Every structure is written in C-alpha cells, then in structure tokens.
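**Student:** My file is protein_27.csv. It has CSV, C-alpha atoms:
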```csv
chain,number,residue,atom,x,y,z
A,2,LEU,CA,-75.1,10.6,31.5
A,3,LEU,CA,-71.3,10.6,32.0
A,4,GLY,CA,-70.9,10.6,28.2
A,5,GLU,CA,-73.1,13.6,27.7
A,6,ASN,CA,-71.2,15.9,30.0
A,7,LYS,CA,-67.8,17.2,28.9
A,8,ARG,CA,-67.1,18.4,32.5
A,9,TYR,CA,-67.1,14.7,33.6
A,10,GLU,CA,-65.5,13.3,30.4
A,11,GLY,CA,-63.1,10.5,31.2
A,12,LYS,CA,-64.2,10.4,34.9
A,13,ALA,CA,-64.4,6.9,36.3
A,14,ILE,CA,-67.5,5.8,38.1
A,15,PRO,CA,-66.7,5.7,41.9
A,16,LEU,CA,-66.5,2.4,43.7
A,17,SER,CA,-68.6,3.4,46.7
A,18,PRO,CA,-72.4,3.5,46.4
A,19,GLU,CA,-72.5,6.8,48.2
A,20,ASN,CA,-70.1,8.4,45.8
A,21,GLN,CA,-71.9,6.8,42.9
A,22,ARG,CA,-75.1,8.5,44.1
A,23,LYS,CA,-73.4,11.8,44.4
A,24,LEU,CA,-72.0,11.6,40.9
A,25,LEU,CA,-75.4,10.6,39.5
A,26,ARG,CA,-77.1,13.5,41.4
A,27,ALA,CA,-74.4,15.9,40.0
A,28,LEU,CA,-75.0,14.7,36.4
A,29,MET,CA,-78.8,15.0,36.8
A,30,ASN,CA,-78.5,18.5,38.2
A,31,LEU,CA,-76.2,19.6,35.4
A,32,ARG,CA,-78.1,17.9,32.5
A,33,PRO,CA,-79.8,20.4,30.2
A,34,PRO,CA,-83.4,19.6,29.2
A,35,LYS,CA,-82.9,17.6,26.1
A,36,PRO,CA,-84.5,14.3,24.9
A,37,VAL,CA,-83.3,11.1,26.6
A,38,PRO,CA,-83.7,7.5,25.4
A,39,GLU,CA,-86.6,5.6,26.9
A,40,GLU,CA,-84.3,2.9,28.1
A,41,VAL,CA,-82.3,5.5,30.1
A,42,LEU,CA,-85.6,6.7,31.7
A,43,ALA,CA,-86.6,3.2,32.5
A,44,VAL,CA,-83.3,2.5,34.3
A,45,GLN,CA,-83.5,5.9,36.1
A,46,ASP,CA,-87.1,5.3,37.2
A,47,ASP,CA,-86.2,1.8,38.6
A,48,TYR,CA,-83.3,3.4,40.4
A,49,LEU,CA,-85.4,6.2,41.9
A,50,LYS,CA,-88.1,3.8,43.1
A,51,GLU,CA,-85.4,1.8,44.8
A,52,ARG,CA,-83.9,4.9,46.4
A,53,LEU,CA,-87.3,6.0,47.7
A,54,SER,CA,-87.8,2.6,49.1
A,55,GLU,CA,-84.5,2.8,50.9
A,56,ARG,CA,-85.1,6.4,52.1
A,57,GLY,CA,-88.7,5.6,53.0
A,58,ALA,CA,-91.8,7.6,52.3
A,59,ALA,CA,-92.8,10.0,55.0
A,60,SER,CA,-95.6,8.9,57.3
A,61,LEU,CA,-98.7,10.7,56.5
A,62,SER,CA,-100.2,9.9,60.0
A,63,ALA,CA,-97.2,11.6,61.6
A,64,LEU,CA,-97.8,14.6,59.4
A,65,LEU,CA,-101.5,14.8,60.4
A,66,SER,CA,-101.1,13.8,64.1
A,67,SER,CA,-100.2,17.4,65.3
A,68,PRO,CA,-102.3,19.8,63.2
A,69,LEU,CA,-101.4,23.4,63.4
A,70,PHE,CA,-104.8,24.4,61.8
A,71,PRO,CA,-107.7,22.2,60.7
A,72,ARG,CA,-106.2,21.9,57.2
A,73,ALA,CA,-102.5,22.5,57.7
A,74,ALA,CA,-99.7,21.0,59.8
A,75,LEU,CA,-96.1,21.9,60.5
A,76,TRP,CA,-93.7,19.1,59.5
A,77,ARG,CA,-89.9,18.9,59.3
A,78,GLY,CA,-88.3,16.4,57.1
A,79,ASP,CA,-87.4,15.4,53.5
A,80,ILE,CA,-90.1,17.0,51.2
A,81,THR,CA,-89.2,14.5,48.5
A,82,THR,CA,-90.6,11.7,50.6
A,83,LEU,CA,-94.1,13.2,51.2
A,84,PRO,CA,-97.0,11.1,49.8
A,85,VAL,CA,-99.3,14.1,49.4
A,86,SER,CA,-101.2,15.7,46.6
A,87,ALA,CA,-98.5,18.4,46.0
A,88,ILE,CA,-95.3,19.8,47.3
A,89,VAL,CA,-94.0,23.3,46.6
A,90,ASN,CA,-90.6,24.0,45.1
A,91,ALA,CA,-88.8,27.2,45.7
A,92,ALA,CA,-87.8,27.6,42.0
A,93,ASN,CA,-85.8,30.0,39.9
A,94,SER,CA,-87.4,31.9,37.0
A,95,ALA,CA,-86.3,29.2,34.5
A,96,LEU,CA,-87.9,26.4,36.6
A,97,LEU,CA,-85.0,24.1,35.6
A,98,GLY,CA,-83.3,23.5,38.9
A,99,CYS,CA,-80.2,25.4,39.9
A,100,PHE,CA,-77.6,23.5,37.8
A,101,ALA,CA,-75.1,23.5,40.7
A,102,PRO,CA,-74.0,19.8,40.8
A,103,GLY,CA,-74.8,18.3,44.2
A,104,HIS,CA,-76.1,21.6,45.6
A,105,HIS,CA,-78.3,20.9,48.7
A,106,CYS,CA,-81.1,23.3,47.7
A,107,ILE,CA,-84.6,22.0,47.6
A,108,ASP,CA,-84.9,22.8,43.9
A,109,ASN,CA,-82.1,20.3,43.1
A,110,ALA,CA,-83.4,17.7,45.5
A,111,ILE,CA,-86.8,17.8,43.9
A,112,HIS,CA,-85.3,17.7,40.4
A,113,THR,CA,-83.0,14.8,41.4
A,114,PHE,CA,-85.7,12.6,43.0
A,115,ALA,CA,-88.4,13.4,40.5
A,116,GLY,CA,-86.1,12.4,37.6
A,117,ILE,CA,-85.0,13.8,34.3
A,118,GLN,CA,-88.7,14.0,33.2
A,119,LEU,CA,-89.3,16.9,35.6
A,120,ARG,CA,-86.7,19.2,33.9
A,121,LEU,CA,-88.0,18.2,30.5
A,122,GLU,CA,-91.6,19.1,31.5
A,123,CYS,CA,-90.4,22.4,33.0
A,124,ALA,CA,-88.5,23.3,29.9
A,125,ARG,CA,-91.6,22.5,27.8
A,126,LEU,CA,-93.7,24.8,29.9
A,127,MET,CA,-91.2,27.6,29.8
A,128,GLU,CA,-90.7,27.3,26.0
A,129,GLU,CA,-94.5,27.3,25.5
A,130,GLN,CA,-94.7,30.4,27.8
A,131,GLY,CA,-91.8,32.2,26.0
A,132,TYR,CA,-90.5,34.2,29.0
A,133,PRO,CA,-89.1,33.5,32.5
A,134,GLU,CA,-91.6,32.9,35.2
A,135,PRO,CA,-92.1,36.1,37.3
A,136,THR,CA,-91.4,36.1,41.0
A,137,GLY,CA,-94.4,35.1,43.0
A,138,GLN,CA,-96.0,33.2,40.1
A,139,ALA,CA,-96.1,29.4,39.9
A,140,LYS,CA,-96.4,26.5,37.5
A,141,ILE,CA,-97.7,23.0,38.3
A,142,THR,CA,-96.1,19.8,36.9
A,143,PRO,CA,-96.5,16.1,37.5
A,144,ALA,CA,-94.2,14.8,40.2
A,145,PHE,CA,-92.9,11.8,38.1
A,146,ASN,CA,-90.8,9.7,40.5
A,147,LEU,CA,-91.8,11.5,43.7
A,148,PRO,CA,-94.4,10.0,46.0
A,149,CYS,CA,-96.6,13.1,45.7
A,150,ARG,CA,-98.8,13.7,42.6
A,151,TYR,CA,-97.7,17.2,41.7
A,152,VAL,CA,-95.0,19.8,42.1
A,153,LEU,CA,-95.9,23.5,42.4
A,154,HIS,CA,-92.9,25.5,41.2
A,155,THR,CA,-93.1,29.0,42.6
A,156,VAL,CA,-90.4,31.6,41.8
A,157,VAL,CA,-89.0,33.1,45.0
A,158,PRO,CA,-87.1,36.4,45.3
A,159,ILE,CA,-83.4,36.2,45.8
A,160,ILE,CA,-82.6,38.2,48.9
A,161,SER,CA,-79.1,39.3,49.8
A,162,GLY,CA,-78.5,41.2,53.0
A,163,ARG,CA,-81.4,42.9,54.7
A,164,VAL,CA,-85.0,42.2,53.7
A,165,THR,CA,-86.3,45.3,51.9
A,166,LYS,CA,-89.9,46.5,51.5
A,167,GLU,CA,-89.8,45.3,47.9
A,168,ASP,CA,-88.6,41.9,49.1
A,169,LYS,CA,-91.5,41.7,51.6
A,170,GLU,CA,-94.0,42.5,48.8
A,171,LEU,CA,-92.5,39.9,46.6
A,172,LEU,CA,-92.6,37.3,49.4
A,173,ALA,CA,-96.2,38.2,50.1
```
Rewrite the structure of this file - the entire thing - as structure tokens.
**Tutor:**
Amino acid sequence: LLGENKRYEGKAIPLSPENQRKLLRALMNLRPPKPVPEEVLAVQDDYLKERLSERGAASLSALLSSPLFPRAALWRGDITTLPVSAIVNAANSALLGCFAPGHHCIDNAIHTFAGIQLRLECARLMEEQGYPEPTGQAKITPAFNLPCRYVLHTVVPIISGRVTKEDKELLA
C-alpha cells in the first residue's frame, strides 16, 4: 500500500507496532477503490482477524442485559466489534469513507476494520447506481472482516452551526 500512494512515497515503515497500525489505517483510508491482488487481501484479512482478536468482540450478553425496549438496547462502545446482524454507518454520499488518513470518524473506522473489500463494494454499488446516494437513503453491503454480517451505509446531513428545519427533516 505504501508503494501505491505518492503522498507516502519513500516513507519508512515505523518501528513501533502502534505507529505501524496508524500508518496502515491512513493508507487504507486514503486508498481509492481499485483492484488489489488476492495475496494482499489475504494478508490484510489475516491481520484484521488478529486485530479483532486483540481488541475483542463486544459481548452480546452485555448488549442485551439492559434492554431499553423489547427489541432495542442502548450500548456504548466500539461498533466495529459488535457480533450482530448489521451495524449502521454514518456515510457520505459517495459511500467510500472520508479519505482523511487516520480520522477518527465512524466511517473511517468501519472502512478500516472491514478491509479494502468494503470500499471496493461501495464503489461498485455507486458506479452501478450512477449518482451519489441521497441524504437519508441507505445501501447495504457485506461486513467483510467485521464480526457483524452487514453494514448499512446511510447518508447523513452535514450540519454546521444551528440545526435548521431542513436539517431536522433530513435527520428524520
């Protein structure tokens, strides 16, 4: 991935595992949706499985132990560790992640821990559709390397300053 990105051309791989993870995340967040060799995906998939094992999947029993409603619960934690049917991604209209290296938004976290395949699938869906996904609409993809089965990518409004009537309607 280093060799693909001119911005990081000539950059040495950091010595510390933490800085290596940060660099990999940045490279994954910046990578345009283009084909990738199967052997790269295999190495990435092994790495992401190992990272999930280190981070630990969320406890489903903890999620269900304090129900808010009969079919919903309030939970706070890392959404990329939930072993559920689906998680929801607050996406942009391109569905491709935010492309800000290392940005701590949920969109980048989901794209990082799902793997390169997620961006490729989102790009395929958007190319097939032929136009940006409208605010309030959603697409569903496989979750790839996440412990959930699917990711629902819903486009959210970008709100700056006070919430307007139009913002409220879009959020509804």
**Student:** Could you please determine the separation between CA of Ala27 (chain A) and CA of Ser54 (chain A) in Å, to one decimal place?
**Tutor:**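 Straight-line distance from CA of Ala27 (chain A) to CA of Ser54 (chain A) works out to 21.0 Å.
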**Student:** Can you tell me how far CA of His154 (chain A) sits from CA of Glu40 (chain A), in Å to one decimal?
**Tutor:** 27.5 Å
**Student:** Need the shell around Pro33 (chain A): protein/DNA/RNA residues with any atom at most 10 Å away, counting only C-alpha atoms. Skip same-chain ones fewer than 4 positions apart. Format as a ChimeraX atom specification?
**Tutor:** /A:5-6,28-29,97-98,100,117,120-121,124
**Student:** Keeping only C-alpha atoms, take the residues you just selected and write them out as a PDB file, in the frame of the given file.
**Tutor:**
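In the end it all went to again07.pdb:
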```
ATOM      1  CA  GLU A   5     -73.100  13.600  27.700  1.00  0.00           C
ATOM      2  CA  ASN A   6     -71.200  15.900  30.000  1.00  0.00           C
ATOM      3  CA  LEU A  28     -75.000  14.700  36.400  1.00  0.00           C
ATOM      4  CA  MET A  29     -78.800  15.000  36.800  1.00  0.00           C
ATOM      5  CA  LEU A  97     -85.000  24.100  35.600  1.00  0.00           C
ATOM      6  CA  GLY A  98     -83.300  23.500  38.900  1.00  0.00           C
ATOM      7  CA  PHE A 100     -77.600  23.500  37.800  1.00  0.00           C
ATOM      8  CA  ILE A 117     -85.000  13.800  34.300  1.00  0.00           C
ATOM      9  CA  ARG A 120     -86.700  19.200  33.900  1.00  0.00           C
ATOM     10  CA  LEU A 121     -88.000  18.200  30.500  1.00  0.00           C
ATOM     11  CA  ALA A 124     -88.500  23.300  29.900  1.00  0.00           C
TER      12      ALA A 124
END
```
**Student:** With distances taken over all atoms listed in the file, which of A:Thr136, A:Thr113, A:Thr155, A:Thr82 is nearest to Lys169 (chain A)?
**Tutor:**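 Ranking A:Thr136, A:Thr113, A:Thr155, A:Thr82 by distance to Lys169 (chain A), first place goes to A:Thr136.
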**Student:** Which protein, DNA or RNA residues are at most 10 Å from (-83.1, 31.8, 37.2) in the file's coordinates when you count only C-alpha atoms, listed as a list in words?
**Tutor:**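 It turns out the residues near that spot are Ala92, Asn93, Ser94, Ala95, Leu96, Leu97, Gly98, Cys99, Phe100, Pro133, Glu134, Pro135, Val156, Val157 and Ile159 of chain A.
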**Student:** Could you jot down the CA of Pro143 (chain A) to CA of Ile88 (chain A) separation for me, Å, one decimal place?
**Tutor:**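 Rounded to one decimal, the two atoms are 10.5 Å apart.
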**Student:** Measuring atom to atom with only C-alpha atoms, identify which of A:Leu2, A:Leu119, A:Val85, A:Leu16 is nearest to Pro38 (chain A).
**Tutor:**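 Under the stated criterion, the closest residue is A:Leu2.
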**Student:** With a distance cut-off of 12 Å and all atoms listed in the file, select the neighbouring residues of Gly78 (chain A), excluding the residue or stretch itself and same-chain residues fewer than 4 positions from it, and output the selection as a list in words.
**Tutor:** Arg56, Gly57, Ala58, Ala59, Ser60, Leu61, Ala63, Leu64, Thr82, Leu83 and Ile107 of chain A
**Student:** Just checking: using all atoms listed in the file, which residue out of A:Pro84, A:Pro34, A:Gly162, A:Gly116 ends up closest to Asp46 (chain A)?
**Tutor:**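 Smallest distance to Asp46 (chain A) is found for A:Gly116.
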**Student:** Here is a test: counting only C-alpha atoms, which residue of A:Leu31, A:Glu167, A:Tyr9, A:Leu25 is nearest to Gln45 (chain A)?
**Tutor:**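 Answer, going by the shortest atom-to-atom distance: A:Leu25.
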**Student:** Write out as a list in words which residues come within 9 Å of Leu147 (chain A) when counting all atoms listed in the file, dropping same-chain ones fewer than 2 positions away.
**Tutor:**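 Using all atoms listed in the file, the neighbours found are Leu49, Lys50, Leu53, Thr81, Thr82, Leu83, Pro84, Ile111, Phe114, Ala115, Gly116, Ala144, Phe145, Cys149, Arg150 and Tyr151 of chain A.
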**Student:** Here is a test: counting only C-alpha atoms, which residue of A:Val164, A:Leu172, A:Gln118, A:Leu153 is nearest to Pro36 (chain A)?
**Tutor:**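 Nearest candidate to Pro36 (chain A) out of A:Val164, A:Leu172, A:Gln118, A:Leu153: A:Gln118.
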